[in-house]
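Asks: Structure below; questions to follow.
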Amino acid sequence: MSETAPEAPPDGTHVVTVICAAVPELAKPVRDFVAAVLGLHGDSEVTETGRLVCSELFGNSVRHVPGSRTEVTVHHDKERPAVVIAVADEHPKVPAPRALPPLAEDGRGLAIVAAVSQACGTHAFPDGKRVWSRLGLTV
């Protein structure tokens, strides 16, 4: 994770949020929600990359804080031609990429998010955290 996100998007940005439980049954609807919002920008690459980022970040909440209140937010970054996807949950531990054996079957999600993002990071709160990714728009 490369930088720390502000506690909230800058004033004047368009923000769309869904709040739900971190359960496997909601993974697809949440991914579809993020893709629909990103699709409004007309950048199909960002839409598909955002779907992947959402899948990894929401999946982490499902795996590590099952059933908790989870907030998925998408907002346009007015300072750059970019969008930010953030997933907040009630677990205070901030995730970090880790070294894995070559044949490990999981544990690469944060590395994938970092690889496809312009920037990504975390923001810890007393009662949880937000993990976010900034994706550049080409349109």
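Ordering of the structure tokens sets the chain letters (A, B, ...); residue numbers start at 1 within each chain; ligands are numbered from 1 in the order shown.
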Taking the backbone alone, and naming residues the way the document does, which bits of chain A are alpha helix (DSSP H) by DSSP, as an MDAnalysis selection string?

Replies: chainID A and resid 27:39 44:64 109:116

Asks: Which neighbours of Ala82 in chain A fall inside 10 Å, counting only C-alpha atoms, when residues of the same chain fewer than 5 positions from it are skipped, and could you give them as a PyMOL selection string?

Replies: chain A and resi 41+46+75-77+118+134-139

Asks: Write out as a list in words each polymer residue whose atoms come within 8 Å of Ala124 in chain A, counting only C-alpha atoms; drop sequence neighbours fewer than 3 positions from it.

Replies: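 Close residues of Ala124 in chain A: Pro92, Lys93, Val94, Gly128, Lys129 and Arg130 of chain A.
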
Asks: Now that the selection is made, can you save its residues with N, CA, C and O atoms as a PDB file, in the first residue's frame?

Replies:
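Below is the file that was written, again27.pdb:
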```
ATOM      1  N   PRO A  92     -10.141  -3.562  12.981  1.00  0.00           N
ATOM      2  CA  PRO A  92      -9.131  -2.504  13.099  1.00  0.00           C
ATOM      3  C   PRO A  92      -7.764  -2.854  12.512  1.00  0.00           C
ATOM      4  O   PRO A  92      -6.968  -1.959  12.237  1.00  0.00           O
ATOM      5  N   LYS A  93      -7.483  -4.133  12.266  1.00  0.00           N
ATOM      6  CA  LYS A  93      -6.166  -4.503  11.745  1.00  0.00           C
ATOM      7  C   LYS A  93      -6.026  -4.074  10.287  1.00  0.00           C
ATOM      8  O   LYS A  93      -6.836  -4.422   9.439  1.00  0.00           O
ATOM      9  N   VAL A  94      -4.975  -3.306  10.019  1.00  0.00           N
ATOM     10  CA  VAL A  94      -4.707  -2.829   8.672  1.00  0.00           C
ATOM     11  C   VAL A  94      -3.979  -3.942   7.913  1.00  0.00           C
ATOM     12  O   VAL A  94      -2.986  -4.481   8.393  1.00  0.00           O
ATOM     13  N   GLY A 128     -12.307   0.365  13.023  1.00  0.00           N
ATOM     14  CA  GLY A 128     -12.214  -0.291  11.730  1.00  0.00           C
ATOM     15  C   GLY A 128     -11.166   0.332  10.842  1.00  0.00           C
ATOM     16  O   GLY A 128     -10.246   1.016  11.306  1.00  0.00           O
ATOM     17  N   LYS A 129     -11.311   0.107   9.545  1.00  0.00           N
ATOM     18  CA  LYS A 129     -10.347   0.622   8.583  1.00  0.00           C
ATOM     19  C   LYS A 129     -11.015   0.792   7.223  1.00  0.00           C
ATOM     20  O   LYS A 129     -12.093   0.257   6.968  1.00  0.00           O
ATOM     21  N   ARG A 130     -10.347   1.565   6.367  1.00  0.00           N
ATOM     22  CA  ARG A 130     -10.752   1.732   4.974  1.00  0.00           C
ATOM     23  C   ARG A 130      -9.535   1.362   4.121  1.00  0.00           C
ATOM     24  O   ARG A 130      -8.439   1.850   4.361  1.00  0.00           O
TER      25      ARG A 130
END
```

Asks: Enumerate as a count of residues only all residues of chain A assigned to strand (DSSP E or B) by DSSP on the backbone, naming them with the chain letters and numbers the document uses.

Replies: 40

Asks: Given only C-alpha atoms as the basis, pick out the residue of A:His91, A:Arg98, A:Arg108, A:His123 nearest to Ser68 in chain A.

Replies: A:His91

Asks: I want to know what sits within 9 Å of Val116 in chain A, based on only C-alpha atoms, with residues of the same chain fewer than 4 positions away left out; could you give that as a PyMOL selection string?

Replies: chain A and resi 49+53+111-112+133+135

Asks: Could you take the residues named above and write them with N, CA and C atoms, as a PDB file, in the first residue's frame?

Replies:
```pdb
ATOM      1  N   THR A  49     -11.105  -3.208 -14.319  1.00  0.00           N
ATOM      2  CA  THR A  49     -10.097  -3.179 -13.251  1.00  0.00           C
ATOM      3  C   THR A  49     -10.768  -2.879 -11.917  1.00  0.00           C
ATOM      4  N   VAL A  53     -10.613  -4.936  -8.420  1.00  0.00           N
ATOM      5  CA  VAL A  53     -10.232  -4.312  -7.148  1.00  0.00           C
ATOM      6  C   VAL A  53     -11.335  -4.512  -6.111  1.00  0.00           C
ATOM      7  N   ALA A 111      -1.480  -7.441  -3.311  1.00  0.00           N
ATOM      8  CA  ALA A 111      -0.449  -7.246  -4.331  1.00  0.00           C
ATOM      9  C   ALA A 111      -1.093  -6.999  -5.696  1.00  0.00           C
ATOM     10  N   ILE A 112      -2.170  -7.695  -5.982  1.00  0.00           N
ATOM     11  CA  ILE A 112      -2.892  -7.474  -7.236  1.00  0.00           C
ATOM     12  C   ILE A 112      -3.459  -6.062  -7.266  1.00  0.00           C
ATOM     13  N   SER A 133      -8.232   2.164  -3.429  1.00  0.00           N
ATOM     14  CA  SER A 133      -7.454   2.080  -4.659  1.00  0.00           C
ATOM     15  C   SER A 133      -7.855   3.231  -5.570  1.00  0.00           C
ATOM     16  N   LEU A 135      -7.769   4.512  -9.434  1.00  0.00           N
ATOM     17  CA  LEU A 135      -7.603   4.052 -10.811  1.00  0.00           C
ATOM     18  C   LEU A 135      -7.680   5.248 -11.748  1.00  0.00           C
TER      19      LEU A 135
END
```

Asks: Using only C-alpha atoms, which protein or nucleic acid residues come within 10 Å of Leu52 in chain A? Drop anything in the same chain fewer than 5 positions from it, and give the result as number ranges by chain.

Replies: A: 31, 34-35, 46-47, 57-58, 109, 112-113, 116

Asks: Could you pull the residues within 10 Å of Pro24 in chain A, counting only C-alpha atoms, minus those fewer than 3 positions along the same chain, as a list of chain:residue names?

Replies: A:Ala21, A:Ala27, A:Lys28, A:Phe58, A:Gly59, A:Ser61, A:Val62, A:Arg63, A:Pro66, A:Gly67

Asks: Export, as a PDB file, in the first residue's frame, the selected residues with N, CA and C atoms.

Replies:
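Generated output (again.pdb):
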```pdb
ATOM      1  N   ALA A  21     -23.690  -6.214   4.603  1.00  0.00           N
ATOM      2  CA  ALA A  21     -22.942  -7.178   5.408  1.00  0.00           C
ATOM      3  C   ALA A  21     -21.863  -7.814   4.536  1.00  0.00           C
ATOM      4  N   ALA A  27     -21.067 -10.608  -2.796  1.00  0.00           N
ATOM      5  CA  ALA A  27     -19.865 -10.266  -3.565  1.00  0.00           C
ATOM      6  C   ALA A  27     -20.201  -9.867  -5.001  1.00  0.00           C
ATOM      7  N   LYS A  28     -21.002 -10.653  -5.691  1.00  0.00           N
ATOM      8  CA  LYS A  28     -21.338 -10.321  -7.073  1.00  0.00           C
ATOM      9  C   LYS A  28     -22.171  -9.043  -7.167  1.00  0.00           C
ATOM     10  N   PHE A  58     -13.477  -6.343  -1.168  1.00  0.00           N
ATOM     11  CA  PHE A  58     -14.681  -6.836  -0.499  1.00  0.00           C
ATOM     12  C   PHE A  58     -14.457  -8.278  -0.037  1.00  0.00           C
ATOM     13  N   GLY A  59     -13.779  -9.063  -0.856  1.00  0.00           N
ATOM     14  CA  GLY A  59     -13.473 -10.440  -0.480  1.00  0.00           C
ATOM     15  C   GLY A  59     -12.668 -10.523   0.805  1.00  0.00           C
ATOM     16  N   SER A  61     -12.867  -8.431   3.300  1.00  0.00           N
ATOM     17  CA  SER A  61     -13.812  -8.202   4.399  1.00  0.00           C
ATOM     18  C   SER A  61     -14.630  -9.450   4.672  1.00  0.00           C
ATOM     19  N   VAL A  62     -15.088 -10.104   3.618  1.00  0.00           N
ATOM     20  CA  VAL A  62     -15.870 -11.333   3.782  1.00  0.00           C
ATOM     21  C   VAL A  62     -15.036 -12.389   4.510  1.00  0.00           C
ATOM     22  N   ARG A  63     -13.783 -12.502   4.130  1.00  0.00           N
ATOM     23  CA  ARG A  63     -12.926 -13.547   4.706  1.00  0.00           C
ATOM     24  C   ARG A  63     -12.511 -13.244   6.142  1.00  0.00           C
ATOM     25  N   PRO A  66     -16.321 -11.668   8.582  1.00  0.00           N
ATOM     26  CA  PRO A  66     -17.590 -12.128   8.005  1.00  0.00           C
ATOM     27  C   PRO A  66     -18.804 -11.576   8.743  1.00  0.00           C
ATOM     28  N   GLY A  67     -19.761 -11.107   7.945  1.00  0.00           N
ATOM     29  CA  GLY A  67     -21.009 -10.600   8.493  1.00  0.00           C
ATOM     30  C   GLY A  67     -20.960  -9.179   9.007  1.00  0.00           C
TER      31      GLY A  67
END
```
